[in-house]
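Working notes, beginning with the structure itself.
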Amino acid sequence: MSRAAASHTILLMQPTRKSESKTFSDYETLDEALEGICKVFEEHLKRSNPRTPTITYDISQLFDFIDQMPDLCCMILQKEHGLYAPHNKEWIKTQVYDLLRRQAGK
């Protein structure tokens, strides 16, 4: 799917083993959803390191966080078909990598 065709995205996430941690968020674009995943990870790092004024991480740490989630997927609206297409963790990690690479190139 081309980035230009990406549209409304629903992010389904279960960050802990507790079933009550299941959440969903909706975003206008895939990039916004991917940035949302990064923000969840950054908040996790801040809670884990409350005395550290500046949080830094590399992509392998982000990917480990994603891999450790019991559940993470996204559903992207395909306007031409009028349905949402599901995507798994591996697909999401590829998209996050591409997003961060594009942002680093700016």
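Residue numbering restarts at 1 for every chain of the structure tokens, chains are lettered A, B, ... in their displayed order, and ligands are numbered from 1 as they appear.
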
Note to self: Applying 10 Å and only C-alpha atoms, which residues near Phe41 in chain A remain after dropping the ones on its own chain fewer than 5 positions away? List them as a PyMOL selection string.
What the structure shows: chain A and resi 15+35-36+46-47+57+61-63+65-66

File dump, residues just selected, N, CA, C and O atoms, as a PDB file, in the first residue's frame:
ATOM      1  N   PRO A  15      -0.512  -3.251  25.791  1.00  0.00           N
ATOM      2  CA  PRO A  15       0.884  -3.094  26.193  1.00  0.00           C
ATOM      3  C   PRO A  15       1.346  -4.017  27.323  1.00  0.00           C
ATOM      4  O   PRO A  15       2.540  -4.240  27.483  1.00  0.00           O
ATOM      5  N   GLU A  35       3.576   7.430  14.957  1.00  0.00           N
ATOM      6  CA  GLU A  35       4.103   8.366  15.953  1.00  0.00           C
ATOM      7  C   GLU A  35       3.466   8.097  17.316  1.00  0.00           C
ATOM      8  O   GLU A  35       4.109   8.249  18.356  1.00  0.00           O
ATOM      9  N   GLY A  36       2.209   7.676  17.316  1.00  0.00           N
ATOM     10  CA  GLY A  36       1.531   7.320  18.558  1.00  0.00           C
ATOM     11  C   GLY A  36       2.211   6.148  19.249  1.00  0.00           C
ATOM     12  O   GLY A  36       2.350   6.138  20.481  1.00  0.00           O
ATOM     13  N   LYS A  46       9.962   7.039  30.169  1.00  0.00           N
ATOM     14  CA  LYS A  46       9.916   8.087  31.200  1.00  0.00           C
ATOM     15  C   LYS A  46       9.466   7.515  32.542  1.00  0.00           C
ATOM     16  O   LYS A  46      10.017   7.878  33.581  1.00  0.00           O
ATOM     17  N   ARG A  47       8.477   6.630  32.523  1.00  0.00           N
ATOM     18  CA  ARG A  47       8.018   6.005  33.768  1.00  0.00           C
ATOM     19  C   ARG A  47       9.088   5.080  34.340  1.00  0.00           C
ATOM     20  O   ARG A  47       9.247   4.977  35.561  1.00  0.00           O
ATOM     21  N   TYR A  57      16.787   6.685  22.865  1.00  0.00           N
ATOM     22  CA  TYR A  57      16.669   5.259  22.579  1.00  0.00           C
ATOM     23  C   TYR A  57      17.031   5.014  21.128  1.00  0.00           C
ATOM     24  O   TYR A  57      17.048   5.939  20.315  1.00  0.00           O
ATOM     25  N   GLN A  61      15.570  -0.900  20.623  1.00  0.00           N
ATOM     26  CA  GLN A  61      14.822  -0.849  21.882  1.00  0.00           C
ATOM     27  C   GLN A  61      13.329  -0.669  21.616  1.00  0.00           C
ATOM     28  O   GLN A  61      12.495  -1.294  22.284  1.00  0.00           O
ATOM     29  N   LEU A  62      12.999   0.166  20.656  1.00  0.00           N
ATOM     30  CA  LEU A  62      11.599   0.355  20.272  1.00  0.00           C
ATOM     31  C   LEU A  62      11.017  -0.950  19.740  1.00  0.00           C
ATOM     32  O   LEU A  62       9.918  -1.355  20.114  1.00  0.00           O
ATOM     33  N   PHE A  63      11.773  -1.641  18.895  1.00  0.00           N
ATOM     34  CA  PHE A  63      11.296  -2.907  18.333  1.00  0.00           C
ATOM     35  C   PHE A  63      11.138  -3.971  19.422  1.00  0.00           C
ATOM     36  O   PHE A  63      10.202  -4.771  19.382  1.00  0.00           O
ATOM     37  N   PHE A  65      10.323  -3.368  22.497  1.00  0.00           N
ATOM     38  CA  PHE A  65       9.093  -2.966  23.185  1.00  0.00           C
ATOM     39  C   PHE A  65       7.873  -3.456  22.396  1.00  0.00           C
ATOM     40  O   PHE A  65       6.941  -4.033  22.965  1.00  0.00           O
ATOM     41  N   ILE A  66       7.896  -3.261  21.093  1.00  0.00           N
ATOM     42  CA  ILE A  66       6.790  -3.713  20.241  1.00  0.00           C
ATOM     43  C   ILE A  66       6.656  -5.231  20.322  1.00  0.00           C
ATOM     44  O   ILE A  66       5.556  -5.766  20.473  1.00  0.00           O
TER      45      ILE A  66
END

Check: Hey, what's within 7 Å of Leu72 in chain A if we count only C-alpha atoms and toss same-chain stuff fewer than 4 positions away? As a ChimeraX atom specification, please?
Finding: /A:12-14,88-89

Produce a file of the selected residues containing all heavy atoms, as a compact mmCIF listing (two decimals), in the first residue's frame.
# COMPACT_ATOMS: atom_id res chain seq x y z
N LEU A 12 -4.72 -0.88 17.52
CA LEU A 12 -5.18 -1.75 18.59
C LEU A 12 -3.95 -2.22 19.37
O LEU A 12 -3.01 -2.76 18.78
CB LEU A 12 -5.92 -2.96 18.01
CG LEU A 12 -7.09 -2.60 17.08
CD1 LEU A 12 -7.47 -3.77 16.21
CD2 LEU A 12 -8.26 -2.11 17.89
N MET A 13 -3.96 -1.98 20.68
CA MET A 13 -2.76 -2.21 21.46
C MET A 13 -3.10 -2.83 22.81
O MET A 13 -4.07 -2.45 23.44
CB MET A 13 -2.07 -0.86 21.67
CG MET A 13 -0.77 -0.90 22.40
SD MET A 13 -0.04 0.76 22.65
CE MET A 13 -0.17 1.49 21.05
N GLN A 14 -2.28 -3.81 23.21
CA GLN A 14 -2.34 -4.35 24.57
C GLN A 14 -0.90 -4.32 25.09
O GLN A 14 -0.13 -5.24 24.85
CB GLN A 14 -2.89 -5.77 24.59
CG GLN A 14 -3.01 -6.32 25.99
CD GLN A 14 -3.57 -7.73 26.02
OE1 GLN A 14 -4.11 -8.22 25.04
NE2 GLN A 14 -3.44 -8.38 27.16
N ASN A 88 0.02 -6.56 10.94
CA ASN A 88 0.59 -7.12 12.17
C ASN A 88 1.82 -6.35 12.64
O ASN A 88 2.23 -5.36 12.04
CB ASN A 88 0.92 -8.60 11.97
CG ASN A 88 1.98 -8.82 10.92
OD1 ASN A 88 2.72 -7.92 10.52
ND2 ASN A 88 2.08 -10.05 10.44
N LYS A 89 2.43 -6.85 13.73
CA LYS A 89 3.60 -6.19 14.33
C LYS A 89 4.75 -6.04 13.35
O LYS A 89 5.42 -5.00 13.34
CB LYS A 89 4.10 -7.00 15.54
CG LYS A 89 3.27 -6.92 16.77
CD LYS A 89 3.95 -7.74 17.86
CE LYS A 89 3.08 -7.88 19.08
NZ LYS A 89 3.76 -8.67 20.12

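Neighbours of Ile55 in chain A closer than or equal to 12 Å, with only C-alpha atoms counted and sequence neighbours fewer than 6 positions away skipped, come out as Lys39, Phe41, Glu42, Glu43, His44, Leu45, Lys46, Arg47, Ser48 and Asn49 of chain A.
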
Checklist line | Per-residue DSSP, chain A, filtered to helix (DSSP H, G or I), as a PyMOL selection string | finding: chain A and resi 3-5+19-21+30-48+59-68+89-104

Check: Where does DSSP see strand (DSSP E) in chain A, if you list the residues as a ChimeraX atom specification?
Finding: /A:9-14,23-27,71-78,83-87

Next item on the list: Go ahead and compute the interatomic distance for CA of Asp67 in chain A and CA of Arg51 in chain A, in Å to one decimal.
Entry: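 We find that CA of Asp67 in chain A and CA of Arg51 in chain A lie 25.9 Å from each other.
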